[in-house]
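File shown here: run30.txt, holding compact mmCIF, C-alpha atoms.
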```
# COMPACT_ATOMS: atom_id res chain seq x y z
CA MET W 204 19.58 -12.48 -29.49
CA SER W 205 16.28 -13.86 -28.18
CA LEU W 206 15.12 -13.06 -24.66
CA LEU W 207 14.71 -16.79 -23.97
CA LEU W 208 18.37 -17.46 -24.77
CA LEU W 209 19.53 -14.51 -22.61
CA THR W 210 17.36 -15.78 -19.77
CA LYS W 211 18.90 -19.26 -19.95
CA LEU W 212 22.42 -17.83 -20.01
CA ALA W 213 21.70 -15.50 -17.08
CA TRP W 214 20.22 -18.29 -14.94
CA ARG W 215 23.12 -20.66 -15.59
CA ASN W 216 25.74 -17.96 -14.99
CA LEU W 217 24.08 -17.05 -11.69
CA TRP W 218 24.83 -20.50 -10.26
CA ARG W 219 28.33 -20.97 -11.64
CA ASN W 220 29.71 -19.69 -8.34
CA TYR W 221 26.89 -20.89 -6.14
CA ARG W 222 28.61 -20.07 -2.82
CA ARG W 223 28.86 -16.38 -3.67
CA THR W 224 25.31 -16.40 -4.99
CA LEU W 225 23.99 -18.06 -1.82
CA ILE W 226 25.82 -15.58 0.42
CA MET W 227 24.39 -12.60 -1.47
CA LEU W 228 20.99 -14.26 -1.53
CA ALA W 229 21.10 -14.69 2.26
CA ALA W 230 21.95 -11.01 2.65
CA ILE W 231 19.01 -9.95 0.48
CA ILE W 232 16.64 -12.29 2.35
CA LEU W 233 17.78 -10.87 5.69
CA GLY W 234 17.40 -7.30 4.44
CA VAL W 235 13.90 -7.91 3.04
CA TRP W 236 12.90 -9.69 6.26
CA ALA W 237 14.09 -6.66 8.27
CA MET W 238 12.10 -4.31 5.99
CA ILE W 239 8.92 -6.35 6.42
CA MET W 240 9.28 -6.65 10.19
CA MET W 241 10.11 -2.99 10.77
CA ASN W 242 7.31 -1.78 8.49
CA ALA W 243 4.78 -4.02 10.25
CA LEU W 244 5.93 -2.88 13.71
CA MET W 245 5.94 0.80 12.70
CA ARG W 246 2.47 0.55 11.16
CA GLY W 247 1.20 -1.29 14.23
CA MET W 248 2.63 1.42 16.49
CA VAL W 249 1.01 4.22 14.46
CA ASP W 250 -2.29 2.32 14.23
CA GLY W 251 -2.26 1.94 18.02
CA MET W 252 -1.65 5.66 18.45
CA LEU W 253 -4.45 6.48 16.00
CA ASP W 254 -6.85 4.03 17.63
CA SER W 255 -6.26 5.55 21.06
CA GLY W 256 -6.34 9.09 19.71
CA LEU W 257 -9.53 8.65 17.69
CA LYS W 258 -11.22 7.03 20.68
CA TYR W 259 -10.31 10.04 22.80
CA LEU W 260 -11.49 12.60 20.22
CA PRO W 261 -13.71 10.57 19.38
CA GLY W 262 -14.77 9.94 15.76
CA HIS W 263 -13.29 11.01 12.44
CA ALA W 264 -14.84 14.51 12.38
CA GLN W 265 -16.56 16.85 14.81
CA LEU W 266 -18.93 19.82 14.80
CA HIS W 267 -18.19 22.67 17.22
CA HIS W 268 -18.95 26.29 17.90
CA PRO W 269 -16.17 28.31 16.19
CA ALA W 270 -14.74 29.40 19.57
CA TYR W 271 -15.20 26.11 21.45
CA ARG W 272 -11.73 24.67 20.92
CA ASP W 273 -10.12 27.82 22.34
CA ASP W 274 -12.57 28.04 25.24
CA PRO W 275 -14.35 24.69 25.83
CA GLY W 276 -17.07 25.94 28.14
CA VAL W 277 -20.86 26.01 28.11
CA ALA W 278 -20.84 29.54 26.64
CA HIS W 279 -19.73 28.10 23.30
CA SER W 280 -22.36 25.45 22.72
CA LEU W 281 -24.39 24.31 19.73
CA GLU W 282 -28.15 24.70 19.62
CA ALA W 283 -30.50 22.01 18.31
CA LEU W 284 -29.40 20.47 15.01
CA SER W 285 -31.44 21.43 11.95
CA ALA W 286 -33.39 18.85 9.94
CA PRO W 287 -31.06 19.07 6.89
CA LEU W 288 -28.03 18.47 9.12
CA GLN W 289 -29.65 15.49 10.84
CA GLU W 290 -30.52 14.11 7.41
CA ALA W 291 -26.90 14.49 6.30
CA LEU W 292 -25.74 12.71 9.47
CA ALA W 293 -28.02 9.79 8.55
CA ASP W 294 -25.86 9.23 5.42
CA ARG W 295 -25.27 5.54 4.70
CA ASP W 296 -21.49 6.18 4.71
CA ILE W 297 -21.60 7.38 8.33
CA LEU W 298 -21.38 4.57 10.89
CA GLY W 299 -22.60 6.67 13.81
CA TRP W 300 -22.71 10.09 15.42
CA SER W 301 -23.17 11.43 18.92
CA ALA W 302 -24.28 14.83 20.21
CA ARG W 303 -22.35 15.34 23.45
CA VAL W 304 -21.86 17.80 26.27
CA LYS W 305 -18.11 18.04 26.91
CA VAL W 306 -16.94 20.45 29.62
CA PRO W 307 -14.13 20.68 32.18
CA ALA W 308 -15.35 19.70 35.63
CA MET W 309 -14.28 18.74 39.14
CA ILE W 310 -15.01 15.31 40.57
CA SER W 311 -14.95 14.78 44.34
CA SER W 312 -15.22 11.78 46.60
CA GLU W 313 -15.00 11.64 50.36
CA ARG W 314 -11.24 11.16 49.94
CA ASP W 315 -10.02 13.31 47.05
CA SER W 316 -10.89 15.73 44.25
CA ARG W 317 -9.64 15.74 40.67
CA GLY W 318 -10.06 17.78 37.48
CA VAL W 319 -11.79 15.80 34.73
CA VAL W 320 -13.59 16.15 31.42
CA LEU W 321 -17.31 15.58 31.96
CA LEU W 322 -19.09 13.94 29.04
CA GLY W 323 -22.86 14.14 28.90
CA VAL W 324 -23.86 11.49 26.37
CA ASP W 325 -26.72 9.52 24.94
CA PRO W 326 -25.45 5.96 25.56
CA MET W 327 -26.87 4.53 22.32
CA GLN W 328 -25.15 7.24 20.28
CA GLU W 329 -21.92 6.87 22.23
CA LEU W 330 -21.78 3.13 21.60
CA SER W 331 -22.15 3.82 17.88
CA ILE W 332 -18.95 5.92 17.72
CA GLY W 333 -16.53 3.74 19.58
CA PHE W 334 -17.26 3.14 23.28
CA ALA W 335 -17.66 -0.60 23.75
CA GLU W 336 -19.43 -2.29 26.62
CA THR W 337 -16.54 -4.76 26.63
CA ASP W 338 -14.41 -1.85 27.96
CA LEU W 339 -16.38 -2.11 31.21
CA VAL W 340 -14.65 -4.05 33.97
CA GLN W 341 -17.31 -3.47 36.65
CA GLY W 342 -21.00 -2.61 36.64
CA ARG W 343 -22.87 -1.35 33.59
CA PHE W 344 -22.89 1.52 31.12
CA LEU W 345 -25.48 4.30 31.18
CA GLU W 346 -28.98 3.19 30.23
CA SER W 347 -30.29 6.45 28.73
CA ALA W 348 -29.61 10.17 28.36
CA THR W 349 -31.61 10.71 31.57
CA ASP W 350 -29.67 8.15 33.63
CA PRO W 351 -28.66 9.96 36.89
CA SER W 352 -25.44 7.92 37.24
CA VAL W 353 -21.83 8.09 36.12
CA VAL W 354 -19.27 5.73 34.62
CA VAL W 355 -15.64 6.40 35.57
CA GLY W 356 -12.26 4.96 34.65
CA GLU W 357 -10.56 2.28 36.70
CA ALA W 358 -7.56 4.54 37.39
CA MET W 359 -9.89 7.35 38.53
CA LEU W 360 -11.61 4.99 40.95
CA LYS W 361 -8.24 4.27 42.58
CA ARG W 362 -7.32 7.98 42.66
CA LEU W 363 -10.53 8.89 44.43
CA GLU W 364 -10.20 5.90 46.79
CA THR W 365 -13.81 4.97 46.23
CA ARG W 366 -15.64 2.02 44.69
CA LEU W 367 -18.58 0.94 42.57
CA GLY W 368 -21.91 1.97 44.10
CA ARG W 369 -20.53 4.92 46.08
CA ARG W 370 -21.53 8.51 45.30
CA ILE W 371 -19.30 11.25 43.90
CA VAL W 372 -19.98 14.95 43.31
CA LEU W 373 -19.44 16.61 39.92
CA SER W 374 -19.26 20.38 39.56
CA SER W 375 -18.73 22.71 36.62
CA GLN W 376 -19.52 26.21 35.40
CA THR W 377 -23.14 26.82 34.38
CA VAL W 378 -24.52 29.03 31.62
CA GLY W 379 -25.07 31.75 34.21
CA ASN W 380 -21.37 31.70 35.26
CA GLU W 381 -22.22 30.00 38.53
CA VAL W 382 -21.09 26.63 39.86
CA GLY W 383 -23.47 23.80 39.18
CA GLU W 384 -22.98 20.58 41.08
CA ARG W 385 -24.75 17.31 41.61
CA GLY W 386 -24.17 13.97 43.28
CA PHE W 387 -24.03 10.83 41.14
CA PRO W 388 -23.77 7.15 42.05
CA ILE W 389 -20.98 5.21 40.27
CA VAL W 390 -22.68 2.44 38.27
CA GLY W 391 -19.83 1.45 35.94
CA VAL W 392 -16.05 1.32 35.70
CA TYR W 393 -14.25 1.18 32.35
CA ARG W 394 -10.71 0.36 31.29
CA ALA W 395 -9.08 2.34 28.47
CA SER W 396 -6.07 1.55 26.29
CA LEU W 397 -4.29 4.48 27.98
CA PRO W 398 -4.46 4.86 31.78
CA SER W 399 -4.43 8.65 31.33
CA LEU W 400 -7.85 8.44 29.65
CA GLU W 401 -9.22 6.59 32.65
CA GLU W 402 -8.21 9.55 34.83
CA THR W 403 -9.71 12.11 32.43
CA LEU W 404 -13.10 11.07 31.04
CA VAL W 405 -16.26 10.72 33.15
CA TYR W 406 -19.51 9.67 31.44
CA ALA W 407 -22.95 10.87 32.57
CA GLY W 408 -26.42 11.14 31.01
CA ARG W 409 -26.60 14.03 28.54
CA GLU W 410 -29.93 15.45 29.68
CA VAL W 411 -28.88 15.24 33.33
CA VAL W 412 -25.71 17.24 32.61
CA GLN W 413 -27.65 19.75 30.51
CA GLY W 414 -30.03 20.30 33.41
CA MET W 415 -27.19 20.65 35.91
CA LEU W 416 -25.47 23.31 33.78
CA GLY W 417 -28.64 25.08 32.59
CA MET W 418 -27.92 24.37 28.94
CA GLY W 419 -31.41 23.47 27.81
CA GLY W 420 -31.02 21.30 24.69
CA ALA W 421 -27.59 22.66 23.69
CA VAL W 422 -24.55 20.42 23.25
CA SER W 423 -20.80 21.04 23.07
CA GLU W 424 -20.00 18.94 20.03
CA VAL W 425 -21.22 16.39 17.54
CA ALA W 426 -18.75 13.53 16.95
CA ILE W 427 -19.04 11.66 13.63
CA LEU W 428 -17.59 8.23 12.79
CA GLY W 429 -17.00 7.05 9.23
CA PRO W 430 -15.90 3.65 7.91
CA ASP W 431 -12.25 4.62 7.30
CA TYR W 432 -10.20 7.35 8.97
CA ARG W 433 -8.02 7.60 5.84
CA ARG W 434 -10.95 8.46 3.55
CA LEU W 435 -13.43 11.06 4.77
CA GLU W 436 -14.37 12.29 1.28
CA PRO W 437 -17.44 10.10 0.67
CA TRP W 438 -19.45 11.77 3.46
CA PHE W 439 -17.49 14.77 4.78
CA GLY W 440 -18.52 17.09 1.92
CA ARG W 441 -22.23 16.26 2.25
CA VAL W 442 -22.19 16.98 5.99
CA ALA W 443 -20.19 20.20 5.45
CA ALA W 444 -22.82 21.42 2.96
CA ALA W 445 -25.57 20.95 5.56
CA VAL W 446 -23.73 22.52 8.53
CA ASP W 447 -25.81 25.18 10.30
CA GLU W 448 -24.65 28.75 10.71
CA GLY W 449 -22.42 29.18 13.76
CA MET W 450 -20.95 25.67 13.46
CA VAL W 451 -17.54 24.48 12.25
CA LEU W 452 -16.92 20.98 10.83
CA GLU W 453 -13.35 19.69 11.22
CA GLY W 454 -11.75 16.37 10.37
CA TRP W 455 -9.54 14.45 12.78
CA ARG W 456 -6.40 15.76 11.09
CA GLU W 457 -7.34 19.33 12.08
CA LEU W 458 -8.56 18.24 15.52
CA ASP W 459 -5.36 16.36 16.37
CA GLU W 460 -2.40 17.50 14.28
CA TYR W 461 -0.07 15.18 16.19
CA LEU W 462 -1.97 12.11 14.96
CA ALA W 463 -1.99 13.43 11.40
CA LEU W 464 1.75 14.06 11.56
CA SER W 465 2.35 10.56 12.96
CA LEU W 466 0.48 8.99 10.03
CA SER W 467 2.37 11.00 7.42
CA ILE W 468 5.72 10.29 9.09
CA GLN W 469 5.00 6.56 9.15
CA GLY W 470 4.60 6.43 5.36
CA GLY W 471 7.75 8.45 4.74
CA ALA W 472 9.75 6.60 7.39
CA GLY W 473 8.82 3.27 5.83
CA ILE W 474 10.26 4.32 2.46
CA VAL W 475 13.39 5.76 4.09
CA LEU W 476 13.89 2.52 6.02
CA ILE W 477 13.64 0.42 2.85
CA VAL W 478 16.05 2.68 0.97
CA VAL W 479 18.61 2.77 3.80
CA ILE W 480 18.61 -1.02 4.28
CA PHE W 481 18.91 -1.71 0.58
CA LEU W 482 21.61 0.91 0.02
CA ALA W 483 23.70 -1.07 2.48
CA LEU W 484 22.90 -4.26 0.56
CA SER W 485 23.60 -2.64 -2.80
CA PHE W 486 27.34 -2.50 -2.08
CA GLY W 487 27.35 -6.28 -1.75
CA LEU W 488 25.19 -6.66 -4.86
CA VAL W 489 27.48 -4.43 -6.95
CA ASN W 490 30.52 -6.33 -5.69
CA THR W 491 28.90 -9.69 -6.50
CA MET W 492 27.96 -8.65 -10.04
CA ALA W 493 31.36 -7.00 -10.60
CA MET W 494 33.15 -10.18 -9.56
CA ALA W 495 30.87 -12.23 -11.81
CA VAL W 496 31.80 -9.97 -14.74
CA PHE W 497 35.53 -9.98 -13.86
CA GLU W 498 35.66 -13.79 -13.72
CA ARG W 499 34.07 -14.10 -17.17
CA VAL W 500 35.86 -11.35 -19.08
CA ARG W 501 37.48 -13.77 -21.58
CA GLU W 502 34.17 -15.58 -22.06
CA MET W 503 32.28 -12.30 -22.56
CA GLY W 504 34.94 -11.07 -24.98
CA LEU W 505 34.54 -14.27 -27.00
CA LEU W 506 30.75 -13.86 -27.11
CA LEU W 507 31.12 -10.28 -28.27
CA ALA W 508 33.65 -11.39 -30.91
CA LEU W 509 31.18 -14.01 -32.14
CA GLY W 510 28.55 -11.34 -32.69
CA MET W 511 26.65 -10.84 -29.44
CA PRO W 512 25.44 -7.20 -29.43
CA PRO W 513 26.74 -5.09 -26.50
CA HIS W 514 23.18 -4.32 -25.39
CA ALA W 515 22.46 -8.07 -25.16
CA MET W 516 25.47 -8.45 -22.86
CA LEU W 517 24.10 -5.64 -20.68
CA TYR W 518 20.67 -7.30 -20.55
CA GLN W 519 22.24 -10.64 -19.58
CA VAL W 520 24.02 -9.16 -16.56
CA LEU W 521 20.88 -7.27 -15.53
CA LEU W 522 18.86 -10.48 -15.80
CA GLU W 523 21.32 -12.21 -13.45
CA ALA W 524 20.80 -9.40 -10.93
CA LEU W 525 17.02 -9.55 -11.42
CA PHE W 526 16.92 -13.31 -10.74
CA LEU W 527 18.99 -12.81 -7.60
CA LEU W 528 16.68 -10.02 -6.40
CA LEU W 529 13.47 -11.94 -7.15
CA LEU W 530 14.68 -15.03 -5.30
CA GLY W 531 15.70 -12.91 -2.31
CA LEU W 532 12.42 -11.01 -2.32
CA LEU W 533 10.32 -14.17 -2.54
CA ALA W 534 12.14 -15.87 0.34
CA GLY W 535 12.43 -12.65 2.39
CA ASN W 536 8.73 -11.80 2.08
CA LEU W 537 7.75 -15.36 2.98
CA LEU W 538 10.10 -15.38 5.97
CA GLY W 539 8.79 -11.99 7.12
CA TRP W 540 5.18 -13.13 6.83
CA LEU W 541 5.85 -16.33 8.76
CA SER W 542 7.79 -14.45 11.46
CA LEU W 543 4.88 -12.07 12.03
CA GLN W 544 2.17 -14.69 12.41
CA PRO W 545 2.94 -15.49 16.10
CA LEU W 546 3.09 -11.74 16.87
CA LEU W 547 -0.29 -10.76 15.38
CA SER W 548 -2.03 -11.53 18.68
CA GLY W 549 -0.06 -8.68 20.23
CA ILE W 550 3.32 -7.86 21.76
CA ASP W 551 3.12 -7.08 25.47
CA LEU W 552 4.68 -3.68 26.22
CA SER W 553 3.58 -3.53 29.85
CA ALA W 554 7.23 -3.37 30.94
CA LEU W 555 7.47 -0.15 28.91
CA ALA W 556 3.97 1.08 29.76
CA GLU W 557 4.99 4.63 30.72
CA ALA W 558 7.08 5.15 27.59
CA ALA W 559 4.34 3.66 25.42
CA GLU W 560 1.73 5.94 26.96
CA LEU W 561 3.88 9.02 26.36
CA SER W 562 3.86 8.19 22.66
CA GLY W 563 0.09 7.61 22.70
CA MET W 564 0.27 3.80 22.42
CA GLY W 565 -1.44 1.19 24.51
CA ALA W 566 0.27 -1.53 26.53
CA THR W 567 0.01 -3.98 23.62
CA LEU W 568 1.53 -3.53 20.16
CA TYR W 569 -0.26 -5.26 17.28
CA PRO W 570 1.98 -5.54 14.18
CA ASN W 571 0.11 -4.71 10.99
CA LEU W 572 1.42 -6.21 7.76
CA ARG W 573 -0.28 -4.79 4.68
CA GLY W 574 0.06 -6.00 1.13
CA VAL W 575 0.78 -2.48 -0.07
CA ASP W 576 3.87 -2.34 2.19
CA MET W 577 5.20 -5.61 0.76
CA LEU W 578 4.51 -4.44 -2.79
CA ARG W 579 6.20 -1.09 -2.16
CA ALA W 580 9.26 -2.78 -0.66
CA THR W 581 9.44 -5.19 -3.60
CA LEU W 582 9.27 -2.45 -6.23
CA ILE W 583 11.84 -0.26 -4.45
CA VAL W 584 14.26 -3.17 -4.01
CA ILE W 585 13.97 -4.20 -7.69
CA PHE W 586 14.44 -0.61 -8.88
CA LEU W 587 17.44 0.11 -6.65
CA GLY W 588 18.95 -3.32 -7.28
CA LEU W 589 18.80 -2.98 -11.06
CA ALA W 590 20.10 0.59 -10.80
CA ALA W 591 23.08 -0.63 -8.76
CA SER W 592 23.68 -3.50 -11.22
CA LEU W 593 23.89 -1.09 -14.14
CA ILE W 594 27.52 -0.34 -13.24
CA PRO W 595 28.92 -3.89 -13.79
CA ALA W 596 26.43 -4.47 -16.64
CA TRP W 597 27.59 -1.34 -18.44
CA ARG W 598 31.21 -2.40 -17.92
CA ALA W 599 30.47 -5.82 -19.45
CA ALA W 600 28.79 -4.21 -22.46
CA ARG W 601 31.81 -1.92 -23.01
CA LEU W 602 34.38 -4.72 -23.14
CA ASP W 603 36.67 -4.81 -26.17
CA PRO W 604 36.63 -8.38 -27.56
CA VAL W 605 40.29 -8.49 -28.63
CA THR W 606 41.64 -6.96 -25.42
CA SER W 607 39.41 -9.15 -23.24
CA MET W 608 40.57 -12.41 -24.83
CA ASN W 609 44.27 -11.48 -24.84
CA GLU W 610 44.80 -9.73 -21.49
CA TYR W 611 42.60 -11.74 -19.12
```
Could the structure of this file be written out as C-alpha cells, please?
Amino acid sequence: MSLLLLTKLAWRNLWRNYRRTLIMLAAIILGVWAMIMMNALMRGMVDGMLDSGLKYLPGHAQLHHPAYRDDPGVAHSLEALSAPLQEALADRDILGWSARVKVPAMISSERDSRGVVLLGVDPMQELSIGFAETDLVQGRFLESATDPSVVVGEAMLKRLETRLGRRIVLSSQTVGNEVGERGFPIVGVYRASLPSLEETLVYAGREVVQGMLGMGGAVSEVAILGPDYRRLEPWFGRVAAAVDEGMVLEGWRELDEYLALSLSIQGGAGIVLIVVIFLALSFGLVNTMAMAVFERVREMGLLLALGMPPHAMLYQVLLEALFLLLLGLLAGNLLGWLSLQPLLSGIDLSALAEAAELSGMGATLYPNLRGVDMLRATLIVIFLGLAASLIPAWRAARLDPVTSMNEY
C-alpha cells in the first residue's frame, strides 16, 4: 500500500474519536510545555551560577605558579611574562587577559577589620576580562596600575561602617615574611551579583600593591577570557605551548570543579526530566492507541482479509501516534516559548536571596531557552512515543482476519 494512502487513513482514524484525541493531545501539550519551562529555568540557573563563578575566578583559564593554589601567597608568584607568551595571549580568539596580584589581606577602618582578597590590577586589563564600570554604584574605578586608591564592595562598606572618600588600611605578608601595610582612600564602590563577593574582593592598583609587598614586577596569576566558556580549544592549546617554565595553565573546569559539575549535571538532568515526564505520558498514549485498535478490530480484520499487509497495518497505527505526537509537540513548544517571553527580563529571587547565594546564583534568575533543548526534547518525545506505540501497533498487525470479524 502507498504511503500516501496510509497517511490519509491514519489522519482520518485519529479524529474518529476526537474527544479522546483532544484529551491525549492536551496531555502531550502540557507535558512538552513543562519540559520546555523546566529546561529553560534549569539552564538559566546554571548560567547564573557560571556567570557569577567565572566573574569571581575570573576568566576561562588562568596561569599560576604550580604551588599557588595550595598556598596563595607572594612566595608563589610569577615573574615577568616572556615575549612568546605575550604573543600567544594576543591571539585573536582571546577577548582579554589580566596579570594580577591576588593575595589574602586584612582591611581595617576606624570601626572594624575584615579578612579580604586583595587584587592588584591594571584597570584596563581588568575591564577586558569581565569587570564592568556599570557595576559601580558610587565613585569611579581605578584609573591606572599606579592609582593609590581602592575600590570596595557595597556590602564591605557597610561592614566597615565607612563611606566613599574615607581611608582604610590594607595589610598583607610581604616577600620578606613581614607585614606590609598602606593606607588607601576609597574612590569607588561596586555591586556584585553575589553579596559575598562584595565582602571578599578589594581592588587596588597593581604596581602600588607590588611595591607594598616588595614583589617587584611579579604577579600572582594571569586570567584569560575567551569568547565561549564551553569551547576553550581554539586558543587554549596555543597558550599552553607558549607557557614559561614554572607556570601552570588551567581551564575553569580545573579551577572550579563545582561549576564544571553543575554544567554537566544540567545537561544530564534535562534529559532525565524529559524522559520522566514523557514516561508518565506514555501510559496515556499506549492506552489511547490500544483503545483505538480495540474499537476497530472488525474493521482492521476486514482490511487484512482484503489484502492489506500486516506491516502496513503496523505503519498505519504508528502514523496515527506520530501525528498525535507532532501536533502536541508543535503546540507545546509554541506554548512554552510564549510563556517564557515575559520571564526573559528576569525572575526576582530576592525573597530567596540567601538560598540563591548558597547555590552560587544571583538575586535574579534569567530563563534561557535554547533551540538545541527544544530539538532534543522533540526527538526524545518522538522516539519514546513511537516506541510506546509499538505495542498496540504490533497487536493490530498480528490480528487474525477471520477471528477479528467473527468475535468482535
Would you list the contacts of Ile477 (chain W) as JSON, numbers by chain, taking every protein, DNA or RNA residue within 12 Å and counting all atoms listed in the file, but skipping same-chain residues closer than 2 positions in sequence?
-> {"W": [231, 234, 235, 236, 237, 238, 239, 240, 241, 242, 470, 471, 472, 473, 474, 475, 479, 480, 481, 482, 483, 484, 485, 576, 577, 578, 579, 580, 581, 582, 583, 584, 585, 586, 587]}
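Residues lying within 8 Å of Gly368 (chain W), counting all atoms listed in the file and ignoring same-chain neighbours fewer than 4 positions away, are Pro388, Ile389 and Val390 of chain W.
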Using CA of Gly276 (chain W) and CA of Met415 (chain W) as the two end points, give the distance in Å to one decimal.
-> 13.8 Å
Near Glu453 (chain W), counting all atoms listed in the file, which residues have an atom at most 9 Å away, once you skip same-chain residues fewer than 5 positions from it, shown as a list of chain:residue names?
->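 What passes the distance filter is W:His263, W:Ala264, W:Gln265, W:Leu266, W:His267, W:Ala443, W:Leu458.
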Kindly give the distance, in Å, that separates CA of Val605 (chain W) and CA of Phe497 (chain W), rounded to a single decimal.
-> 15.6 Å
Near Ala596 (chain W), within 9 Å and counting all atoms listed in the file, which residues show up once chain neighbours fewer than 5 positions away are dropped, as a PyMOL selection string?
-> chain W and resi 492-493+496+516-521+601
Check the smallest atom-to-atom distance from each of W:Lys211, W:Lys361, W:His279, W:Arg343 to Asp315 (chain W) using only C-alpha atoms, then report the winner.
->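 For Asp315 (chain W), the nearest of the candidates is W:Lys361.
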For CA of Leu404 (chain W) and CA of Met309 (chain W), the interatomic separation in Å (one decimal) =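 If I compute the distance from CA of Leu404 (chain W) to CA of Met309 (chain W), I get 11.2 Å.
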Within 7 Å of region 316-323 of chain W, counting only C-alpha atoms, which residues show up once you throw out same-chain ones fewer than 6 positions away? Write them as a ChimeraX atom specification, please.
-> /W:303-310,363,403-409,412
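Closest approach to Ala590 (chain W) among W:Ala270, W:Val575, W:Leu488, W:Leu602: W:Leu488, based on all atoms listed in the file.
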Residue with smallest distance to Leu593 (chain W) - pool W:Leu537, W:Leu543, W:Leu522, W:Ala426, counting only C-alpha atoms =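 Among W:Leu537, W:Leu543, W:Leu522, W:Ala426, it is W:Leu522 that comes nearest to Leu593 (chain W).
Of the residues under consideration (W:Glu498, W:Asn490, W:Gly356, W:Asp459), W:Asp459 shows the shortest atom-to-atom contact distance to Met252 (chain W) when counting all atoms listed in the file.
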